[in-house]
Amino acid sequence: MIEIHEGGISSTVQDLGRSGNYHIGMPPSGAMDSYAHTVANYLVGNEADAATIEMTYQGITATVREDAVIAVTGADMSPSVNGDPIGMWETVAVEAGDELAISFATDGARAYLAVAGGIDVPNVMGSQSTYTLVGIGGHEGRGLEDGDRLAIGNGDGVSSAGGETASPEELVGTELAEEYVPDYAEEDSVRIVLGLTDYRLTDDAKETLCDTEWKVSPEADRTGYRLEGPDIEFKEREQPFGAGPNPSNVVDLGYPVGSIQVPQKPIVLMQDAVTGGGYATVGTVISVDRGLLAQRQTHKTVAFDAVDVEAAISAREQQTERLEAIEAEIAGER
Amino acid sequence: MSETTTINSPMPGVFYRRPDPDEERFVEVGDQVEEGERIGLVEVMKNFHDIEAPEAGTVVEFLVENEGEIEADQAIARLE
């Protein structure tokens, strides 16, 4: 069991998401940076989908009430155990009574704490992810607070990579190879696929969308990333039946996760966003790069690099291969 | 000689020196503050987070203006 003292500013239990319910208006939720979440799980011998704690900008402080094997990945939040620094992207053993302190993010925005066996919260509609806007999943459907007690799973979700059951203790001391550790400060461009309704933009506006260094506003959270920058012009048109009067309105459509709408300034819809509505979605951040955007701090810049769907799918395949290689390398450490 | 320390923000956002545009500032330069006393707010992700003095002292200087943009770990004020 992990006993929380300080919850940070927005720490929630997340797995890979509540997929399959989009048609009823339920967004997937799940880890904003699925790469960091997945690697954290692999480092402690879990399956990729085990629940971790996602911490935004500021980490948690907690007492570990049983011996456990943990890993912290994602944004560098200078984690420590009993005051002694521990490494990021590294498998660490903790003992009952140890004080875990995760500080604030110096590089990136979100860190993930994985525990061997996973964070044991109820499964709601196929996922343990917290969706705070309606208060379901995770720990009581909300962010973590002082006094919360989180059970550690008994290992149902433990990985069997390598053909034998992993023993998390044997992974202690594993450090993720340098080539797999992202440098979030360097990653200021994310790839997008234009559409579904980019035909509503003027040619100049499409260029502006892709040539601008957009600044992440303070309104950037699990629901959406609102960006600051120049105006985006829509083409003149006759208001279609069923569409709103604003030039950015179209007849309602389903919003792809990661899609960019421009009610005034661009908003990129993230894991907890509304699933459909009447704003033109002029582009979509490719799934692999959503995690990079989620690591951009408020006031940092981001640029959109337009690619085609084949490139997006190929990037996803490369990411999958990369994660398989990481899982195999970690399993090989035993 | 008195030591100076800085009060740093643990998060990026927009810095505010008053709880509400119509209210008094939390503290002024020259004020004595207690450890843990609120000296400002940082707005990020549609929430406001308290910025507290890490120790008791006198506020010597603010390094960020009201409604100024700040980055994580940026020094907001100096204490003596």
# chains A, B, ... in the order shown; residues from 1 in each chain; ligands from 1
>>> interface_residues(of="chain B", to="chain A", cutoff="7 Å", atoms="only C-alpha atoms", output="list in words")
Pro10, Met11, Pro12, Gly13, Glu43, Val44, Met45, Lys46 and Ala72 of chain B
>>> select_by_dssp(residues="chain B", states="strand (DSSP E)", output="ChimeraX atom specification")
/B:5-8,13-16,32-33,38-44,47-52,57-62,69-70,75-79
>>> write_last_selection(atoms="N, CA, C and O atoms", output="short mmCIF file (atom, residue, chain, number, x, y, z; two decimals), in the first residue's frame")
data_model
loop_
_atom_site.label_atom_id
_atom_site.label_comp_id
_atom_site.auth_asym_id
_atom_site.auth_seq_id
_atom_site.Cartn_x
_atom_site.Cartn_y
_atom_site.Cartn_z
N THR B 5 17.30 34.34 0.44
CA THR B 5 16.87 33.14 -0.27
C THR B 5 15.85 33.59 -1.30
O THR B 5 15.24 34.65 -1.16
N THR B 6 15.67 32.79 -2.32
CA THR B 6 14.63 33.11 -3.29
C THR B 6 13.46 32.16 -3.09
O THR B 6 13.61 31.05 -2.59
N ILE B 7 12.29 32.67 -3.44
CA ILE B 7 11.09 31.83 -3.46
C ILE B 7 10.87 31.46 -4.92
O ILE B 7 10.71 32.35 -5.75
N ASN B 8 10.93 30.17 -5.19
CA ASN B 8 10.80 29.72 -6.58
C ASN B 8 9.46 29.05 -6.81
O ASN B 8 8.89 28.46 -5.90
N GLY B 13 3.41 28.94 -15.27
CA GLY B 13 2.05 29.49 -15.25
C GLY B 13 2.08 31.00 -15.25
O GLY B 13 3.05 31.63 -15.69
N VAL B 14 1.00 31.58 -14.76
CA VAL B 14 0.89 33.03 -14.65
C VAL B 14 0.89 33.39 -13.17
O VAL B 14 0.14 32.79 -12.39
N PHE B 15 1.73 34.36 -12.80
CA PHE B 15 1.90 34.70 -11.39
C PHE B 15 0.99 35.85 -10.99
O PHE B 15 0.85 36.84 -11.72
N TYR B 16 0.33 35.71 -9.86
CA TYR B 16 -0.54 36.77 -9.33
C TYR B 16 -0.13 37.13 -7.92
O TYR B 16 0.16 36.25 -7.11
N GLN B 32 7.24 41.45 6.67
CA GLN B 32 7.73 40.22 7.31
C GLN B 32 6.79 39.09 6.94
O GLN B 32 5.58 39.27 6.97
N VAL B 33 7.35 37.94 6.57
CA VAL B 33 6.49 36.78 6.32
C VAL B 33 6.91 35.61 7.20
O VAL B 33 8.07 35.51 7.60
N ARG B 38 1.50 32.54 2.42
CA ARG B 38 1.24 32.67 0.98
C ARG B 38 1.71 34.04 0.49
O ARG B 38 1.33 35.07 1.05
N ILE B 39 2.53 34.06 -0.55
CA ILE B 39 2.99 35.32 -1.10
C ILE B 39 2.43 35.59 -2.50
O ILE B 39 2.57 36.68 -3.04
N GLY B 40 1.82 34.58 -3.10
CA GLY B 40 1.27 34.76 -4.43
C GLY B 40 0.59 33.50 -4.91
O GLY B 40 0.51 32.50 -4.18
N LEU B 41 0.08 33.57 -6.12
CA LEU B 41 -0.60 32.44 -6.73
C LEU B 41 -0.02 32.20 -8.12
O LEU B 41 0.41 33.15 -8.78
N VAL B 42 -0.02 30.95 -8.53
CA VAL B 42 0.34 30.64 -9.91
C VAL B 42 -0.84 29.92 -10.54
O VAL B 42 -1.37 28.95 -9.98
N GLU B 43 -1.28 30.44 -11.69
CA GLU B 43 -2.39 29.83 -12.40
C GLU B 43 -1.85 28.93 -13.50
O GLU B 43 -1.09 29.37 -14.36
N VAL B 44 -2.26 27.68 -13.46
CA VAL B 44 -1.96 26.76 -14.56
C VAL B 44 -3.03 25.68 -14.56
O VAL B 44 -3.56 25.33 -13.51
N ASN B 47 -6.35 26.15 -12.63
CA ASN B 47 -6.37 26.17 -11.17
C ASN B 47 -5.33 27.15 -10.67
O ASN B 47 -4.37 27.46 -11.37
N PHE B 48 -5.54 27.61 -9.44
CA PHE B 48 -4.59 28.51 -8.81
C PHE B 48 -3.87 27.76 -7.69
O PHE B 48 -4.50 27.08 -6.89
N HIS B 49 -2.56 27.90 -7.66
CA HIS B 49 -1.76 27.19 -6.65
C HIS B 49 -1.02 28.20 -5.81
O HIS B 49 -0.45 29.16 -6.33
N ASP B 50 -1.03 27.98 -4.50
CA ASP B 50 -0.36 28.90 -3.57
C ASP B 50 1.15 28.84 -3.73
O ASP B 50 1.72 27.76 -3.88
N ILE B 51 1.78 30.00 -3.69
CA ILE B 51 3.23 30.06 -3.58
C ILE B 51 3.54 30.53 -2.16
O ILE B 51 3.07 31.59 -1.74
N GLU B 52 4.26 29.69 -1.43
CA GLU B 52 4.50 29.97 -0.02
C GLU B 52 5.96 30.28 0.26
O GLU B 52 6.85 29.78 -0.44
N GLY B 57 11.03 35.54 6.99
CA GLY B 57 11.98 36.57 6.56
C GLY B 57 11.27 37.82 6.11
O GLY B 57 10.06 37.96 6.29
N THR B 58 12.06 38.71 5.53
CA THR B 58 11.51 39.97 5.01
C THR B 58 11.55 39.91 3.49
O THR B 58 12.57 39.52 2.91
N VAL B 59 10.47 40.30 2.86
CA VAL B 59 10.43 40.32 1.41
C VAL B 59 11.25 41.51 0.92
O VAL B 59 10.97 42.65 1.25
N VAL B 60 12.32 41.25 0.18
CA VAL B 60 13.22 42.30 -0.27
C VAL B 60 12.84 42.78 -1.67
O VAL B 60 12.98 43.96 -1.99
N GLU B 61 12.37 41.86 -2.47
CA GLU B 61 12.18 42.20 -3.88
C GLU B 61 11.29 41.15 -4.55
O GLU B 61 11.38 39.97 -4.22
N PHE B 62 10.45 41.62 -5.46
CA PHE B 62 9.73 40.69 -6.35
C PHE B 62 10.45 40.67 -7.68
O PHE B 62 10.78 41.72 -8.23
N GLU B 69 4.49 35.97 -16.75
CA GLU B 69 4.63 34.56 -17.09
C GLU B 69 5.85 33.98 -16.39
O GLU B 69 6.91 34.60 -16.39
N ILE B 70 5.69 32.81 -15.81
CA ILE B 70 6.83 32.19 -15.15
C ILE B 70 7.02 30.76 -15.63
O ILE B 70 6.09 30.12 -16.08
N ALA B 75 12.70 32.03 -10.04
CA ALA B 75 12.65 32.78 -8.78
C ALA B 75 11.59 33.88 -8.89
O ALA B 75 11.56 34.63 -9.85
N ILE B 76 10.72 33.94 -7.90
CA ILE B 76 9.62 34.91 -7.91
C ILE B 76 9.94 36.10 -7.02
O ILE B 76 9.62 37.23 -7.34
N ALA B 77 10.55 35.82 -5.87
CA ALA B 77 10.83 36.90 -4.92
C ALA B 77 12.06 36.55 -4.11
O ALA B 77 12.46 35.38 -4.04
N ARG B 78 12.66 37.60 -3.51
CA ARG B 78 13.80 37.37 -2.63
C ARG B 78 13.40 37.68 -1.19
O ARG B 78 12.71 38.65 -0.91
N LEU B 79 13.88 36.82 -0.30
CA LEU B 79 13.61 36.97 1.14
C LEU B 79 14.95 37.20 1.84
O LEU B 79 15.98 36.69 1.43
#
>>> residues_around(residues="stretch 323-333 of chain A", least_positions_apart="4", cutoff="12 Å", atoms="only C-alpha atoms", output="ChimeraX atom specification")
/A:34-48,89-91,158-181,288,316-319
>>> select_by_dssp(residues="stretch 24-183 of chain A", states="alpha helix (DSSP H)", output="ChimeraX atom specification")
/A:34-43,168-171
>>> write_last_selection(atoms="C-alpha atoms", output="tab-separated table (two decimals), in the first residue's frame")
chain	number	residue	atom	x	y	z
A	34	SER	CA	1.88	6.45	-23.13
A	35	TYR	CA	5.56	5.85	-23.97
A	36	ALA	CA	6.79	6.97	-20.54
A	37	HIS	CA	3.92	5.11	-18.84
A	38	THR	CA	4.68	1.88	-20.73
A	39	VAL	CA	8.43	2.03	-20.09
A	40	ALA	CA	7.78	2.61	-16.37
A	41	ASN	CA	5.71	-0.58	-16.33
A	42	TYR	CA	8.32	-2.58	-18.24
A	43	LEU	CA	11.02	-1.46	-15.79
A	168	PRO	CA	10.44	-7.72	-10.20
A	169	GLU	CA	13.19	-7.97	-7.56
A	170	GLU	CA	15.54	-9.29	-10.22
A	171	LEU	CA	14.98	-6.15	-12.27
>>> atom_distance(atom1="atom CA of B:Pro54", atom2="atom CA of A:Asp84")
20.6 Å
>>> residues_around(residues="A:Gly17", least_positions_apart="4", cutoff="7 Å", atoms="only C-alpha atoms", output="list in words")
Pro28, Ser29, Gly30, Ala31, Ser127 and Ser129 of chain A
>>> closest_atom_pairs(of="stretch 78-187 of chain A", to="stretch 265-273 of chain A", cutoff="9 Å", atoms="only C-alpha atoms", output="CSV")
residue,atom,partner,partner_atom,distance
A:Tyr131,CA,A:Asp272,CA,6.6
A:Thr132,CA,A:Asp272,CA,8.4
A:Leu133,CA,A:Asp272,CA,7.8
>>> atom_distance(atom1="atom CA of A:Gly59", atom2="atom CA of A:Arg110")
8.8 Å
>>> closest_atom_pairs(of="stretch 4-73 of chain A", to="stretch 141-157 of chain A", cutoff="10 Å", atoms="only C-alpha atoms", output="JSON lines")
{"residue": "A:Ile4", "atom": "CA", "partner": "A:Asp148", "partner_atom": "CA", "distance": 5.2}
{"residue": "A:His5", "atom": "CA", "partner": "A:Asp146", "partner_atom": "CA", "distance": 4.3}
{"residue": "A:Glu6", "atom": "CA", "partner": "A:Asp146", "partner_atom": "CA", "distance": 5.2}
{"residue": "A:Gly7", "atom": "CA", "partner": "A:Glu145", "partner_atom": "CA", "distance": 4.5}
{"residue": "A:Gly8", "atom": "CA", "partner": "A:Leu144", "partner_atom": "CA", "distance": 7.8}
{"residue": "A:Ile9", "atom": "CA", "partner": "A:Gly143", "partner_atom": "CA", "distance": 8.3}
{"residue": "A:Ser10", "atom": "CA", "partner": "A:Gly143", "partner_atom": "CA", "distance": 5.8}
{"residue": "A:Ser11", "atom": "CA", "partner": "A:Gly143", "partner_atom": "CA", "distance": 5.2}
{"residue": "A:Thr12", "atom": "CA", "partner": "A:Gly143", "partner_atom": "CA", "distance": 4.8}
{"residue": "A:Val13", "atom": "CA", "partner": "A:Gly143", "partner_atom": "CA", "distance": 7.9}
{"residue": "A:Asn41", "atom": "CA", "partner": "A:Gly157", "partner_atom": "CA", "distance": 9.9}
{"residue": "A:Gly45", "atom": "CA", "partner": "A:Gly157", "partner_atom": "CA", "distance": 8.9}
{"residue": "A:Asn46", "atom": "CA", "partner": "A:Gly157", "partner_atom": "CA", "distance": 5.8}
{"residue": "A:Glu47", "atom": "CA", "partner": "A:Gly157", "partner_atom": "CA", "distance": 5.6}
{"residue": "A:Ala48", "atom": "CA", "partner": "A:Gly157", "partner_atom": "CA", "distance": 8.7}
{"residue": "A:Asp49", "atom": "CA", "partner": "A:Gly157", "partner_atom": "CA", "distance": 7.9}
{"residue": "A:Ala50", "atom": "CA", "partner": "A:Gly157", "partner_atom": "CA", "distance": 6.2}
{"residue": "A:Ala51", "atom": "CA", "partner": "A:Gly153", "partner_atom": "CA", "distance": 9.3}
{"residue": "A:Ile53", "atom": "CA", "partner": "A:Leu144", "partner_atom": "CA", "distance": 9.1}
{"residue": "A:Glu54", "atom": "CA", "partner": "A:Gly143", "partner_atom": "CA", "distance": 9.6}
{"residue": "A:Met55", "atom": "CA", "partner": "A:Gly143", "partner_atom": "CA", "distance": 9.4}
{"residue": "A:Ile60", "atom": "CA", "partner": "A:Leu144", "partner_atom": "CA", "distance": 8.5}
{"residue": "A:Thr61", "atom": "CA", "partner": "A:Asp146", "partner_atom": "CA", "distance": 9.0}
{"residue": "A:Ala62", "atom": "CA", "partner": "A:Asp146", "partner_atom": "CA", "distance": 8.8}
{"residue": "A:Thr63", "atom": "CA", "partner": "A:Arg149", "partner_atom": "CA", "distance": 9.6}
{"residue": "A:Val64", "atom": "CA", "partner": "A:Leu150", "partner_atom": "CA", "distance": 9.7}
{"residue": "A:Arg65", "atom": "CA", "partner": "A:Arg149", "partner_atom": "CA", "distance": 9.5}
{"residue": "A:Glu66", "atom": "CA", "partner": "A:Ile152", "partner_atom": "CA", "distance": 8.9}
{"residue": "A:Ala68", "atom": "CA", "partner": "A:Ile152", "partner_atom": "CA", "distance": 8.6}
>>> write_last_selection(atoms="N, CA, C and O atoms", output="short mmCIF file (atom, residue, chain, number, x, y, z; two decimals), in the first residue's frame")
data_model
loop_
_atom_site.label_atom_id
_atom_site.label_comp_id
_atom_site.auth_asym_id
_atom_site.auth_seq_id
_atom_site.Cartn_x
_atom_site.Cartn_y
_atom_site.Cartn_z
N ILE A 4 -0.47 8.40 0.47
CA ILE A 4 -0.14 9.70 -0.12
C ILE A 4 -0.13 10.78 0.96
O ILE A 4 -1.02 10.83 1.80
N HIS A 5 0.90 11.66 0.93
CA HIS A 5 0.90 12.82 1.82
C HIS A 5 0.58 14.09 1.04
O HIS A 5 -0.34 14.81 1.37
N GLU A 6 1.36 14.36 0.00
CA GLU A 6 1.03 15.50 -0.86
C GLU A 6 0.71 14.94 -2.25
O GLU A 6 1.49 14.16 -2.80
N GLY A 7 -0.41 15.37 -2.78
CA GLY A 7 -0.85 14.83 -4.06
C GLY A 7 -0.27 15.55 -5.27
O GLY A 7 -0.53 15.16 -6.40
N GLY A 8 0.51 16.63 -5.04
CA GLY A 8 0.97 17.42 -6.17
C GLY A 8 -0.17 18.28 -6.70
O GLY A 8 -1.17 18.49 -6.00
N ILE A 9 -0.05 18.78 -7.92
CA ILE A 9 -1.14 19.64 -8.40
C ILE A 9 -2.15 18.91 -9.27
O ILE A 9 -3.28 19.33 -9.37
N SER A 10 -1.75 17.83 -9.88
CA SER A 10 -2.72 16.99 -10.60
C SER A 10 -2.10 15.62 -10.84
O SER A 10 -1.42 15.39 -11.82
N SER A 11 -2.34 14.73 -9.88
CA SER A 11 -1.80 13.37 -9.97
C SER A 11 -2.97 12.40 -10.03
O SER A 11 -3.84 12.43 -9.16
N THR A 12 -3.00 11.58 -11.06
CA THR A 12 -4.11 10.65 -11.23
C THR A 12 -3.59 9.27 -11.60
O THR A 12 -2.51 9.13 -12.16
N VAL A 13 -4.39 8.25 -11.27
CA VAL A 13 -4.07 6.88 -11.66
C VAL A 13 -4.48 6.72 -13.12
O VAL A 13 -5.60 7.09 -13.50
N ASN A 41 6.23 0.76 -16.63
CA ASN A 41 5.71 -0.58 -16.33
C ASN A 41 6.72 -1.66 -16.68
O ASN A 41 6.94 -2.59 -15.89
N GLY A 45 8.55 -4.84 -14.50
CA GLY A 45 8.07 -6.17 -14.87
C GLY A 45 6.57 -6.28 -15.08
O GLY A 45 6.04 -7.39 -15.13
N ASN A 46 5.88 -5.13 -15.21
CA ASN A 46 4.43 -5.16 -15.46
C ASN A 46 4.14 -5.24 -16.96
O ASN A 46 4.98 -4.89 -17.79
N GLU A 47 2.89 -5.59 -17.27
CA GLU A 47 2.39 -5.40 -18.62
C GLU A 47 2.24 -3.90 -18.86
O GLU A 47 2.08 -3.13 -17.91
N ALA A 48 2.22 -3.50 -20.15
CA ALA A 48 2.14 -2.08 -20.51
C ALA A 48 0.89 -1.41 -19.94
O ALA A 48 0.90 -0.21 -19.65
N ASP A 49 -0.18 -2.17 -19.77
CA ASP A 49 -1.46 -1.58 -19.40
C ASP A 49 -1.69 -1.48 -17.89
O ASP A 49 -2.74 -1.03 -17.44
N ALA A 50 -0.72 -1.90 -17.07
CA ALA A 50 -0.90 -1.79 -15.62
C ALA A 50 -1.05 -0.31 -15.24
O ALA A 50 -0.52 0.57 -15.91
N ALA A 51 -1.80 -0.04 -14.17
CA ALA A 51 -2.05 1.35 -13.77
C ALA A 51 -0.82 1.95 -13.09
O ALA A 51 -0.18 1.32 -12.24
N ILE A 53 0.83 6.01 -11.62
CA ILE A 53 0.40 7.34 -11.17
C ILE A 53 1.03 8.37 -12.09
O ILE A 53 2.25 8.43 -12.22
N GLU A 54 0.17 9.14 -12.76
CA GLU A 54 0.63 10.23 -13.62
C GLU A 54 0.65 11.51 -12.79
O GLU A 54 -0.37 11.88 -12.21
N MET A 55 1.80 12.18 -12.76
CA MET A 55 1.96 13.41 -11.96
C MET A 55 2.26 14.57 -12.90
O MET A 55 3.13 14.43 -13.77
N ILE A 60 4.29 13.59 -6.14
CA ILE A 60 3.67 13.27 -4.86
C ILE A 60 4.75 13.07 -3.80
O ILE A 60 5.91 12.83 -4.13
N THR A 61 4.34 13.17 -2.54
CA THR A 61 5.15 12.60 -1.48
C THR A 61 4.29 11.52 -0.84
O THR A 61 3.07 11.66 -0.75
N ALA A 62 4.93 10.42 -0.45
CA ALA A 62 4.15 9.28 0.02
C ALA A 62 5.02 8.38 0.89
O ALA A 62 6.25 8.40 0.79
N THR A 63 4.36 7.61 1.74
CA THR A 63 5.05 6.56 2.48
C THR A 63 4.67 5.23 1.85
O THR A 63 3.49 4.96 1.62
N VAL A 64 5.69 4.43 1.56
CA VAL A 64 5.45 3.10 1.01
C VAL A 64 5.25 2.18 2.21
O VAL A 64 6.11 2.10 3.08
N ARG A 65 4.09 1.52 2.29
CA ARG A 65 3.77 0.71 3.46
C ARG A 65 4.10 -0.78 3.31
O ARG A 65 3.79 -1.59 4.18
N GLU A 66 4.70 -1.15 2.19
CA GLU A 66 5.15 -2.54 2.02
C GLU A 66 6.37 -2.52 1.11
O GLU A 66 6.57 -1.57 0.36
N ALA A 68 8.44 -2.91 -2.07
CA ALA A 68 7.94 -2.80 -3.44
C ALA A 68 9.09 -2.50 -4.39
O ALA A 68 10.18 -2.12 -3.97
#
>>> decode(residues="stretch 63-73 of chain B", atoms="all heavy atoms", output="short mmCIF file (atom, residue, chain, number, x, y, z; two decimals), in the first residue's frame")
data_model
loop_
_atom_site.label_atom_id
_atom_site.label_comp_id
_atom_site.auth_asym_id
_atom_site.auth_seq_id
_atom_site.Cartn_x
_atom_site.Cartn_y
_atom_site.Cartn_z
N LEU B 63 10.70 39.48 -8.20
CA LEU B 63 11.46 39.34 -9.44
C LEU B 63 10.53 39.12 -10.63
O LEU B 63 10.97 39.07 -11.77
CB LEU B 63 12.43 38.17 -9.31
CG LEU B 63 13.40 38.29 -8.12
CD1 LEU B 63 14.10 36.97 -7.84
CD2 LEU B 63 14.43 39.38 -8.38
N VAL B 64 9.24 38.96 -10.33
CA VAL B 64 8.23 38.76 -11.38
C VAL B 64 7.09 39.73 -11.12
O VAL B 64 6.68 39.92 -9.98
CB VAL B 64 7.68 37.31 -11.35
CG1 VAL B 64 6.66 37.11 -12.46
CG2 VAL B 64 8.81 36.30 -11.49
N GLU B 65 6.59 40.37 -12.17
CA GLU B 65 5.47 41.29 -12.02
C GLU B 65 4.16 40.52 -11.85
O GLU B 65 4.05 39.37 -12.25
CB GLU B 65 5.33 42.15 -13.29
CG GLU B 65 6.39 43.19 -13.44
CD GLU B 65 6.23 43.93 -14.76
OE1 GLU B 65 5.11 44.00 -15.28
OE2 GLU B 65 7.26 44.42 -15.24
N ASN B 66 3.17 41.22 -11.31
CA ASN B 66 1.83 40.65 -11.25
C ASN B 66 1.38 40.29 -12.67
O ASN B 66 1.58 41.05 -13.60
CB ASN B 66 0.87 41.68 -10.65
CG ASN B 66 -0.49 41.07 -10.38
OD1 ASN B 66 -0.58 40.00 -9.80
ND2 ASN B 66 -1.54 41.76 -10.81
N GLU B 67 0.81 39.11 -12.81
CA GLU B 67 0.35 38.57 -14.10
C GLU B 67 1.51 38.26 -15.05
O GLU B 67 1.29 38.10 -16.26
CB GLU B 67 -0.68 39.49 -14.78
CG GLU B 67 -1.94 39.62 -13.95
CD GLU B 67 -3.08 40.35 -14.66
OE1 GLU B 67 -3.13 40.31 -15.90
OE2 GLU B 67 -3.89 40.95 -13.96
N GLY B 68 2.72 38.19 -14.51
CA GLY B 68 3.87 37.83 -15.34
C GLY B 68 3.89 36.33 -15.62
O GLY B 68 3.38 35.54 -14.84
N GLU B 69 4.49 35.97 -16.75
CA GLU B 69 4.63 34.56 -17.09
C GLU B 69 5.85 33.98 -16.39
O GLU B 69 6.91 34.60 -16.39
CB GLU B 69 4.88 34.40 -18.60
CG GLU B 69 3.68 34.71 -19.43
CD GLU B 69 3.95 34.51 -20.92
OE1 GLU B 69 5.07 34.08 -21.27
OE2 GLU B 69 3.04 34.78 -21.69
N ILE B 70 5.69 32.81 -15.81
CA ILE B 70 6.83 32.19 -15.15
C ILE B 70 7.02 30.76 -15.63
O ILE B 70 6.09 30.12 -16.08
CB ILE B 70 6.69 32.19 -13.61
CG1 ILE B 70 5.36 31.58 -13.20
CG2 ILE B 70 6.87 33.57 -13.05
CD1 ILE B 70 5.30 31.29 -11.75
N GLU B 71 8.25 30.31 -15.50
CA GLU B 71 8.58 28.92 -15.82
C GLU B 71 8.81 28.17 -14.52
O GLU B 71 9.02 28.78 -13.47
CB GLU B 71 9.84 28.87 -16.67
CG GLU B 71 9.68 29.66 -17.95
CD GLU B 71 10.63 29.22 -19.04
OE1 GLU B 71 11.56 28.46 -18.74
OE2 GLU B 71 10.41 29.65 -20.19
N ALA B 72 8.81 26.83 -14.61
CA ALA B 72 9.08 26.03 -13.43
C ALA B 72 10.46 26.36 -12.88
O ALA B 72 11.40 26.51 -13.65
CB ALA B 72 8.97 24.54 -13.77
N ASP B 73 10.56 26.49 -11.58
CA ASP B 73 11.81 26.77 -10.86
C ASP B 73 12.28 28.22 -11.01
O ASP B 73 13.38 28.56 -10.58
CB ASP B 73 12.93 25.81 -11.28
CG ASP B 73 13.98 25.66 -10.18
OD1 ASP B 73 13.64 25.90 -9.00
OD2 ASP B 73 15.13 25.34 -10.49
#
